[in-house]
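A.B. asks: Provided herewith is a single structure, encoded as structure tokens, for subsequent inquiry.
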Amino acid sequence: MMIIETTNYYAKPGREEEVLLQRRRATAIRKRLGLPEGRTFARLEAEGPNVQWRCEFSSESAYREDMAARKESAEFSAARAQMHTLIERFERHLHEEVD
């Protein structure tokens, strides 16, 4: 069962580029921790999150292990705290691949 985590970042006005840069920093930290990098997307048009990140996990347990590694990392926690100074809203969604 494939698990897909999607995180949505809604930037404070004028902070859109900083949010994208901070997401890239978090991805670099993930890489140093030996975690999958995932994929980062920037909004082109319409409404919705300014930045979105997606990552696929082979199972729910792989996802839970990834979450634990993030939680245990002081560097990742600091990056997360910095991101929250740049955004108005954050969403995390988990999906299961069905086809």
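Each chain in the structure tokens gets a letter, A, B and so on, in the order shown; residues start at 1 in every chain, and ligands are counted from 1 in the order they appear.
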Can you tell me which residues surround A:Glu88 at a distance of at most 12 Å, considering only C-alpha atoms, apart from same-chain residues fewer than 6 positions away, and format the answer as a compact mmCIF listing (two decimals) with N, CA and C atoms, in the first residue's frame?

C.D. replies:
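What landed in selection-v6.txt:
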# COMPACT_ATOMS: atom_id res chain seq x y z
N ASN A 8 0.84 21.42 2.42
CA ASN A 8 0.50 22.67 1.75
C ASN A 8 0.92 23.84 2.62
N TYR A 9 1.60 24.80 2.01
CA TYR A 9 2.08 25.98 2.70
C TYR A 9 1.43 27.22 2.09
N TYR A 10 0.73 27.99 2.91
CA TYR A 10 0.08 29.23 2.49
C TYR A 10 0.91 30.38 3.07
N ALA A 11 1.66 31.04 2.21
CA ALA A 11 2.60 32.08 2.65
C ALA A 11 1.89 33.33 3.14
N LYS A 12 2.51 33.98 4.12
CA LYS A 12 2.09 35.32 4.48
C LYS A 12 2.36 36.22 3.29
N PRO A 13 1.58 37.28 3.12
CA PRO A 13 1.79 38.17 1.97
C PRO A 13 3.24 38.64 1.87
N GLY A 14 3.78 38.51 0.67
CA GLY A 14 5.15 38.94 0.41
C GLY A 14 6.22 37.95 0.83
N ARG A 15 5.84 36.81 1.39
CA ARG A 15 6.82 35.84 1.88
C ARG A 15 6.89 34.58 1.01
N GLU A 16 6.29 34.62 -0.15
CA GLU A 16 6.19 33.44 -1.00
C GLU A 16 7.55 32.84 -1.35
N VAL A 19 9.15 31.13 1.64
CA VAL A 19 8.53 29.83 1.94
C VAL A 19 9.14 28.75 1.04
N PRO A 49 -2.45 26.63 -2.03
CA PRO A 49 -1.16 26.80 -1.37
C PRO A 49 -0.12 27.40 -2.32
N ASN A 50 0.75 28.22 -1.77
CA ASN A 50 1.85 28.79 -2.56
C ASN A 50 2.90 27.73 -2.88

A.B. asks: Could you please write out, as an MDAnalysis selection string, every residue of chain A that DSSP assigns to alpha helix (DSSP H)?

C.D. replies: chainID A and resid 16:32 60:72 74:84

A.B. asks: Grab the atom CA of A:Met1 to atom CA of A:Glu60 distance for me, in Å with one decimal place.

C.D. replies: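 Between these atoms lies a distance of 7.7 Å.
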
A.B. asks: Quick check for you: according to DSSP on this backbone, which residues of chain A are classed as strand (DSSP E or B)? Reply as number ranges by chain.

C.D. replies: A: 3-11, 39-42, 51-57, 87-96

A.B. asks: Give me a file of those residues, with C-alpha atoms, as a PDB file, in the first residue's frame.

C.D. replies:
ATOM      1  CA  ILE A   3       1.108   6.263   1.230  1.00  0.00           C
ATOM      2  CA  ILE A   4       1.420   9.785  -0.163  1.00  0.00           C
ATOM      3  CA  GLU A   5       2.003  12.715   2.178  1.00  0.00           C
ATOM      4  CA  THR A   6       1.133  16.146   0.835  1.00  0.00           C
ATOM      5  CA  THR A   7       1.920  19.302   2.770  1.00  0.00           C
ATOM      6  CA  ASN A   8       0.502  22.672   1.749  1.00  0.00           C
ATOM      7  CA  TYR A   9       2.081  25.984   2.703  1.00  0.00           C
ATOM      8  CA  TYR A  10       0.083  29.231   2.488  1.00  0.00           C
ATOM      9  CA  ALA A  11       2.597  32.075   2.645  1.00  0.00           C
ATOM     10  CA  ARG A  39       9.036  16.724  -4.585  1.00  0.00           C
ATOM     11  CA  THR A  40       8.352  20.441  -4.162  1.00  0.00           C
ATOM     12  CA  PHE A  41       5.853  22.415  -6.241  1.00  0.00           C
ATOM     13  CA  ALA A  42       5.214  26.171  -6.531  1.00  0.00           C
ATOM     14  CA  VAL A  51       4.127  25.780  -2.055  1.00  0.00           C
ATOM     15  CA  GLN A  52       3.294  22.110  -1.905  1.00  0.00           C
ATOM     16  CA  TRP A  53       5.518  19.171  -1.007  1.00  0.00           C
ATOM     17  CA  ARG A  54       4.743  15.521  -1.744  1.00  0.00           C
ATOM     18  CA  CYS A  55       6.471  12.329  -0.770  1.00  0.00           C
ATOM     19  CA  GLU A  56       5.624   8.683  -1.366  1.00  0.00           C
ATOM     20  CA  PHE A  57       6.140   5.962   1.209  1.00  0.00           C
ATOM     21  CA  ILE A  87       3.122  31.036   6.652  1.00  0.00           C
ATOM     22  CA  GLU A  88      -0.479  31.806   7.508  1.00  0.00           C
ATOM     23  CA  ARG A  89      -1.656  28.233   7.165  1.00  0.00           C
ATOM     24  CA  PHE A  90      -0.259  24.707   6.929  1.00  0.00           C
ATOM     25  CA  GLU A  91      -2.015  21.506   5.941  1.00  0.00           C
ATOM     26  CA  ARG A  92      -0.849  17.896   5.924  1.00  0.00           C
ATOM     27  CA  HIS A  93      -2.815  15.278   3.998  1.00  0.00           C
ATOM     28  CA  LEU A  94      -2.228  11.549   3.718  1.00  0.00           C
ATOM     29  CA  HIS A  95      -3.551   9.557   0.817  1.00  0.00           C
ATOM     30  CA  GLU A  96      -3.492   5.903  -0.027  1.00  0.00           C
TER      31      GLU A  96
END

A.B. asks: Could you check how far atom CA of A:Tyr63 sits from atom CA of A:Met83, in Å to one decimal?

C.D. replies: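 Between atom CA of A:Tyr63 and atom CA of A:Met83 the gap works out to 21.2 Å.
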
A.B. asks: What is the atom CA of A:Gly38-atom CA of A:Ser77 distance in Å, reported with one decimal?

C.D. replies: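 Interatomic distance, atom CA of A:Gly38 to atom CA of A:Ser77: 17.6 Å.
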
A.B. asks: Quick one: residues within 12 Å of A:Arg32, only C-alpha atoms, excluding same-chain residues fewer than 3 positions away - as a list of chain:residue names?

C.D. replies: A:Arg25, A:Ala26, A:Thr27, A:Ala28, A:Ile29, A:Leu35, A:Pro36, A:Glu37, A:Ala69, A:Arg70, A:Ser73, A:Glu75, A:Phe76

A.B. asks: With distances taken over only C-alpha atoms, which residue among A:Arg30, A:Ser59, A:Leu44, A:Val98 lies nearest A:Lys71?

C.D. replies: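 Using only C-alpha atoms, A:Lys71 sits closest to A:Arg30.
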